[in-house]
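What follows is one structure encoded as structure tokens, with my remarks underneath.
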Amino acid sequence: MKGKSKFLIAIAVILAAGAYYYVTIPAINIHSTDTWFFIIVLLIVLAVFYVVRKKFRPSEFRQSKMLKALGTLILGLGIVYLLGAVLSSPIINAKKYQKLMAVEEGEFTEDVEELSFDKIPLLDRDTAEILGDRKMGSMVDMVSQFEVDNIYSQINYKGNPVRVSPLRYANLIKWFTNQKSGIPAYIKINMATQSTELVKLDQGMKYTTSDHFNRNIYRHLRFAHPTYIYGELSFEIDEDGVPYWIAPVKKFNIGLFGGETVGKVVICNAVTGEMKTYDIDKAPQWVDRAYSADLLVQLFDYYGTLKHGFLNSILSQKDCLETTDGYNYLALNDDVWMYTGVTSVNGDQSNVGFVLSNQRTMETKYYKVEGATETSAMSSAEGQVQNLKYVATFPLLLNISDEPTYFIALKDDAGLVKKYAMVNVQKYQIVAIGDSVSQCEDSYLELLLNNGVKQVAEDTREEKKISGPITKIAQAVLDGTSHYYIMIEGSDEIFDVSVAEFIDIVRCDTGQEVTLKYKEDEKVNTVTDLKLD
């Protein structure tokens with residue numbers, strides 16, 4: 001009977017340990033705190049089972065060699081864990097932490113090109129969620145079974161800033177009735193045009209965060225790679241629109257638990273569950289997010305605060321820089337870059353610069369540009385529309401006419417974007433507001449001229465002359481002003497004639513002899529003088 005009792009206890013312990021592992025799925029890795037916690041908890045459970053089985057009294061604990069051995073092992077593991085945590089900390093390894101991220105100084109106007117409006121993400125995450133929920137609400141064939149997951153990863157898709165998020169089962173019952181065919185679609189939102197699309201798949205996604213048992217994406221990844229310590233997952237699509245999970249694998253560079261970066265990335269097909277593992281420097285170009293924004297911010301804070309050691313970062317704080325509260329994303333060269341401001345730890349309410357960090361490669365550039373913090377810029381924008389009580393979103397950093405500029409969307413109580421603002425980083429009293437992005441930019445450029453930040457560029461183009469009959473003529477209205485576009489016999493060029501400047505153009509038709517003076521442009525030549533012959 002004693003042998004049978006021991007066997008049953010052993011089976012119970014194994015089943016309990018297995019159930020705990022299946023639910024919590026810790027990595028079997030010496031660098032994982034979950035692994036240490038799992039082992040310590042398992043030893044404590046064994047000790048409790050042993051005490052219950054032997055029916056020990058508290059006074060008899062010290063007499064048991066088994067309890068002493070278990071207690072010594074638990075205490076030893078605890079001490080090793082604590083020592084590992086201390087020896088891995090910035091307190092002892094300040095120089096190593098400071099060098100985790102390589103930062104180079106960049107030139108803003110060279111590195112950050114002026115973007116066309118169709119490439120600028122006008123929405124923030126909260127507004128994207130509202131649009132996603134509205135789109136889902138209109139899909140009467142799906143809304144009763146599914147809802148939109150709250151992931152909304154920002155990626156570059158075919159050169160456009162896009163947020164994507166899979167659907168998820170509405171509840172456990174809906175999972176049970178639909179899990180055979182899987183999740184049928186995902187939401188795709190163009191952050192520039194605000195167009196929202198529900199992309200239906202030929203085959204449903206079988207591996208998602210809302211699946212259960214072995215098809216849950218976290219458990220699927222864990223069983224495939226028991227030793228990998230995963231970072232924050234992101235949902236992305238490749239250039240063909242195929243959905244994938246991007247799972248960064250943590251790398252610890254300092255001691256047992258310190259100096260976290262990313263060493264590998266696992267790409268899992270959300271439909272088939274197939275996986276491929278890449279070293280971080282070999283990750284496919286379409287992958288946009290291996291490093292989370294929070295990790296990049298933390299790494300830069302190590303770089304900025306630990307230049308003169310840990311004690312300096314706490315006491316005198318000489319030359320210490322840290323990131324501001326909040327960040328946003330910028331699309332550059334087919335990658336997504338995390339943007340955040342940088343301020344002096346001992347400074348006032350102003351930035352000393354800003355940082356851009358590539359979420360795929362960790363490439364990081366620092367720009368020395370003194371100016372307003374993002375919070376100050378948001379307050380300035382809200383002050384311009386305080387009667388409307390609009391709320392500013394976290395700014396996006398743009399290059400507008402070679403000027404670092406905060407671009408801010410202003411939202412109403414319903415969370416919808418109503419107006420746009422541009423605030424000059426260095427002179428944040430320059431604030432432009434517009435109902436559209438183009439209107440906002442026009443007002444901003446005018447303010448730059450009026451405040452002496454920019455000068456009117458001298459037109460150095462050579463003036464030319466042409467005469468002949470008009471062969472083609474067409475009218476258009478640009479920014480409220482009528483223009484005529486004409487072509488002259490013997491020339492393939494198009495000439496732009498402003499009605500406000502040359503009213504006689506309204507008298508013209510094909511065949512009319514004219515003499516033009518003009519300056520060449522890339523597509524359409526600008527007429528500077530018009531005479532009817």
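Residue numbers start at 1 in each chain; chains themselves are named A, B, ... in the order of the structure tokens; ligands are numbered from 1 in the order shown.
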Checklist entry - Which polymer residues have any atom within 8 Å of an atom of segment 199-208 of chain A, counting only C-alpha atoms, with same-chain residues fewer than 6 positions away left out, as a list in words? => result Arg168, Gln179, Ser181, Gly182, Ile183, Pro184, Ala185, Tyr186, Ile187, Lys188, Arg215, Asn216, Ile217, His220, Ala270, Val271, Thr272 and Gly273 of chain A
Next on the checklist: Quick one: residues within 7 Å of segment 109-117 of chain A, only C-alpha atoms, excluding same-chain residues fewer than 2 positions away - as a PyMOL selection string?
Outcome noted: chain A and resi 106-107+119-120+399-400+402
Checklist entry - Could you name the residues that touch segment 226-228 of chain A at 12 Å or less, counting only C-alpha atoms, but leaving out those on the same chain fewer than 4 positions away, as a ChimeraX atom specification? => result /A:21-22,25-32,34-35,218-222,247-252,262-266,277
Checklist outcome for this item: Closest of A:Val437, A:Ala94, A:Val287, A:Ala224 to Asn358 of chain A, counting only C-alpha atoms, is A:Val287
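Nearest residue to Glu239 of chain A, choosing from A:Ile155, A:Ala432, A:Val506, A:Ile74 and counting only C-alpha atoms: A:Ile155.
Atom CA of Leu448 of chain A is positioned 9.7 Å from atom CA of Val431 of chain A.
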Next on the checklist: Give me, as a ChimeraX atom specification, the residues of segment 1-195 of chain A that a backbone DSSP run labels alpha helix (DSSP H).
Outcome noted: /A:2-24,33-54,65-87,94-98,108-111,125-138,172-178
Go ahead and save the picked residues with C-alpha atoms, as a CSV table (one decimal), in the first residue's frame.
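As written to disk, result07.csv reads:
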```
chain,number,residue,atom,x,y,z
A,2,LYS,CA,2.9,2.4,0.8
A,3,GLY,CA,4.4,1.8,-2.7
A,4,LYS,CA,1.0,2.4,-4.3
A,5,SER,CA,0.5,5.6,-2.3
A,6,LYS,CA,3.9,6.9,-3.3
A,7,PHE,CA,3.1,6.1,-7.0
A,8,LEU,CA,-0.2,8.0,-6.8
A,9,ILE,CA,1.4,11.0,-5.2
A,10,ALA,CA,4.1,11.0,-7.9
A,11,ILE,CA,1.4,10.8,-10.6
A,12,ALA,CA,-0.5,13.7,-8.9
A,13,VAL,CA,2.6,15.9,-8.7
A,14,ILE,CA,3.5,15.2,-12.4
A,15,LEU,CA,-0.1,15.9,-13.5
A,16,ALA,CA,-0.2,19.1,-11.4
A,17,ALA,CA,3.2,20.2,-12.8
A,18,GLY,CA,2.1,19.4,-16.4
A,19,ALA,CA,-1.2,21.3,-16.0
A,20,TYR,CA,0.7,24.3,-14.6
A,21,TYR,CA,3.1,24.2,-17.5
A,22,TYR,CA,0.3,23.9,-20.0
A,23,VAL,CA,-1.5,26.9,-18.7
A,24,THR,CA,1.4,29.2,-17.9
A,33,THR,CA,12.3,34.3,-14.5
A,34,ASP,CA,9.2,32.2,-15.2
A,35,THR,CA,11.5,29.1,-15.3
A,36,TRP,CA,13.0,29.9,-11.9
A,37,PHE,CA,9.5,30.6,-10.5
A,38,PHE,CA,8.2,27.3,-12.0
A,39,ILE,CA,11.0,25.3,-10.4
A,40,ILE,CA,10.7,27.0,-7.0
A,41,VAL,CA,6.9,26.5,-6.9
A,42,LEU,CA,7.3,22.9,-7.9
A,43,LEU,CA,9.7,22.2,-5.1
A,44,ILE,CA,7.4,24.0,-2.6
A,45,VAL,CA,4.5,21.8,-3.8
A,46,LEU,CA,6.7,18.7,-3.3
A,47,ALA,CA,7.5,19.8,0.2
A,48,VAL,CA,3.9,20.3,1.0
A,49,PHE,CA,2.9,16.9,-0.3
A,50,TYR,CA,5.7,15.3,1.7
A,51,VAL,CA,4.6,17.1,4.9
A,52,VAL,CA,0.9,16.1,4.4
A,53,ARG,CA,1.8,12.5,3.6
A,54,LYS,CA,4.1,12.1,6.7
A,65,LYS,CA,16.3,15.0,6.1
A,66,MET,CA,14.0,15.2,3.0
A,67,LEU,CA,12.5,18.5,4.2
A,68,LYS,CA,16.0,19.9,5.0
A,69,ALA,CA,17.1,19.0,1.5
A,70,LEU,CA,14.1,20.5,-0.2
A,71,GLY,CA,14.4,23.7,2.0
A,72,THR,CA,18.1,24.0,1.2
A,73,LEU,CA,17.4,23.6,-2.5
A,74,ILE,CA,14.6,26.2,-2.5
A,75,LEU,CA,16.7,28.6,-0.4
A,76,GLY,CA,19.7,28.0,-2.7
A,77,LEU,CA,17.7,28.7,-5.8
A,78,GLY,CA,16.3,31.8,-4.3
A,79,ILE,CA,19.7,33.1,-3.4
A,80,VAL,CA,21.1,32.4,-6.9
A,81,TYR,CA,18.1,34.1,-8.5
A,82,LEU,CA,18.5,37.2,-6.3
A,83,LEU,CA,22.3,37.3,-7.0
A,84,GLY,CA,21.7,36.8,-10.7
A,85,ALA,CA,19.2,39.7,-10.7
A,86,VAL,CA,21.6,42.0,-8.8
A,87,LEU,CA,24.6,41.1,-10.9
A,94,ALA,CA,26.1,50.7,-16.3
A,95,LYS,CA,28.7,50.8,-19.1
A,96,LYS,CA,27.4,47.6,-20.7
A,97,TYR,CA,23.8,48.9,-20.5
A,98,GLN,CA,24.8,52.2,-22.0
A,108,PHE,CA,17.1,65.9,-40.0
A,109,THR,CA,16.6,67.4,-43.5
A,110,GLU,CA,18.7,64.7,-45.1
A,111,ASP,CA,17.3,61.7,-43.2
A,125,ARG,CA,-4.5,54.0,-32.6
A,126,ASP,CA,-7.7,55.0,-30.8
A,127,THR,CA,-9.3,56.4,-33.9
A,128,ALA,CA,-8.3,53.3,-35.8
A,129,GLU,CA,-10.1,51.2,-33.3
A,130,ILE,CA,-13.3,53.2,-33.7
A,131,LEU,CA,-13.1,52.8,-37.5
A,132,GLY,CA,-12.4,49.1,-37.1
A,133,ASP,CA,-15.4,48.6,-34.8
A,134,ARG,CA,-17.6,50.6,-37.2
A,135,LYS,CA,-16.6,48.5,-40.1
A,136,MET,CA,-17.2,45.3,-38.2
A,137,GLY,CA,-20.6,46.5,-37.1
A,138,SER,CA,-21.6,46.9,-40.8
A,172,LEU,CA,-16.2,30.7,-25.9
A,173,ILE,CA,-19.5,29.5,-27.5
A,174,LYS,CA,-18.7,31.3,-30.8
A,175,TRP,CA,-15.2,29.7,-30.7
A,176,PHE,CA,-16.7,26.3,-30.3
A,177,THR,CA,-19.1,26.7,-33.3
A,178,ASN,CA,-16.5,28.4,-35.6
```
Item to check | Expected answer as a ChimeraX atom specification: strand (DSSP E) residues in segment 246-439 of chain A | outcome: /A:246-254,258-269,275-279,321-323,328-332,335-344,350-351,353-358,364-367,371-372,391-392,396-400,403-411,417-424,431-434
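With only C-alpha atoms as the atoms that count, the minimum distance from Glu374 of chain A to the choices A:Ser357, A:Thr324, A:Leu398, A:Asp533 is reached by A:Thr324.
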Checklist entry - So how many Å separate atom CA of Tyr339 of chain A and atom CA of Leu167 of chain A, to one decimal? => result 28.3 Å
Checklist entry - Expressed in Å to a single decimal, how great is the separation between atom CA of Tyr518 of chain A and atom CA of Glu463 of chain A? => result 5.6 Å
Checklist entry - Which neighbours of Asp319 of chain A fall inside 10 Å, counting only C-alpha atoms, when residues of the same chain fewer than 3 positions from it are skipped, and could you give them as a list of chain:residue names? => result A:Gly304, A:Thr305, A:Leu306, A:Lys307, A:His308, A:Asn312, A:Ser313, A:Ser316, A:Ser344, A:Val345, A:Asn346
Item to check | Shortest interatomic distance to Leu123 of chain A - which of A:Ser234, A:Gln386, A:Thr528, A:Thr393, counting only C-alpha atoms | outcome: A:Thr393
Item to check | Selection: 9 Å around Gly511 of chain A, only C-alpha atoms, excl. self and same-chain fewer than 4 positions, as a VMD selection string | outcome: chain A and resid 468 to 472
Generate a file of the selected residues that holds C-alpha atoms, formatted as a tab-separated table (two decimals), in the first residue's frame.
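To be explicit, this is the file written out as selection03.tsv:
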```tsv
chain	number	residue	atom	x	y	z
A	468	GLY	CA	1.89	80.48	-82.54
A	469	PRO	CA	-1.73	79.39	-82.77
A	470	ILE	CA	-3.41	77.55	-79.89
A	471	THR	CA	-3.98	73.89	-80.73
A	472	LYS	CA	-5.61	72.78	-77.47
```
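With only C-alpha atoms as the atoms that count, the minimum distance from Tyr367 of chain A to the choices A:Arg163, A:Glu104, A:Tyr485, A:Pro90 is reached by A:Glu104.
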Checklist entry - Which one is closest to Val423 of chain A: A:Ile189, A:Leu397, A:Ala377, A:Met142? Count only C-alpha atoms. => result A:Ala377
Considering only C-alpha atoms, give me a table of residues in segment 55-129 of chain A that are at most 10 Å from segment 290-300 of chain A, with the closest atom pair and distance in Å for each, as CSV.
```
residue,atom,partner,partner_atom,distance
A:Tyr97,CA,A:Leu299,CA,7.9
A:Gln98,CA,A:Leu299,CA,8.0
A:Lys99,CA,A:Leu299,CA,9.0
A:Leu100,CA,A:Leu299,CA,6.8
A:Met101,CA,A:Leu299,CA,6.1
A:Ala102,CA,A:Phe300,CA,9.0
A:Val103,CA,A:Phe300,CA,8.3
```
Checklist entry - Using only C-alpha atoms, which residues sit within 9 Å of Glu382 of chain A once same-chain residues fewer than 5 positions away are excluded, as a PyMOL selection string? => result chain A and resi 377+388-392+410+421
C-alpha atoms of the current selection, written as a tab-separated table (two decimals), in the first residue's frame:
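Final output, saved to out06.tsv:
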```
chain	number	residue	atom	x	y	z
A	377	ALA	CA	2.87	71.31	-28.71
A	388	LEU	CA	-14.46	73.55	-29.68
A	389	LYS	CA	-12.88	71.49	-26.88
A	390	TYR	CA	-11.03	69.27	-29.33
A	391	VAL	CA	-8.36	66.93	-27.94
A	392	ALA	CA	-4.92	66.67	-29.52
A	410	LEU	CA	-7.53	67.22	-33.25
A	421	ALA	CA	-2.50	71.30	-36.58
```
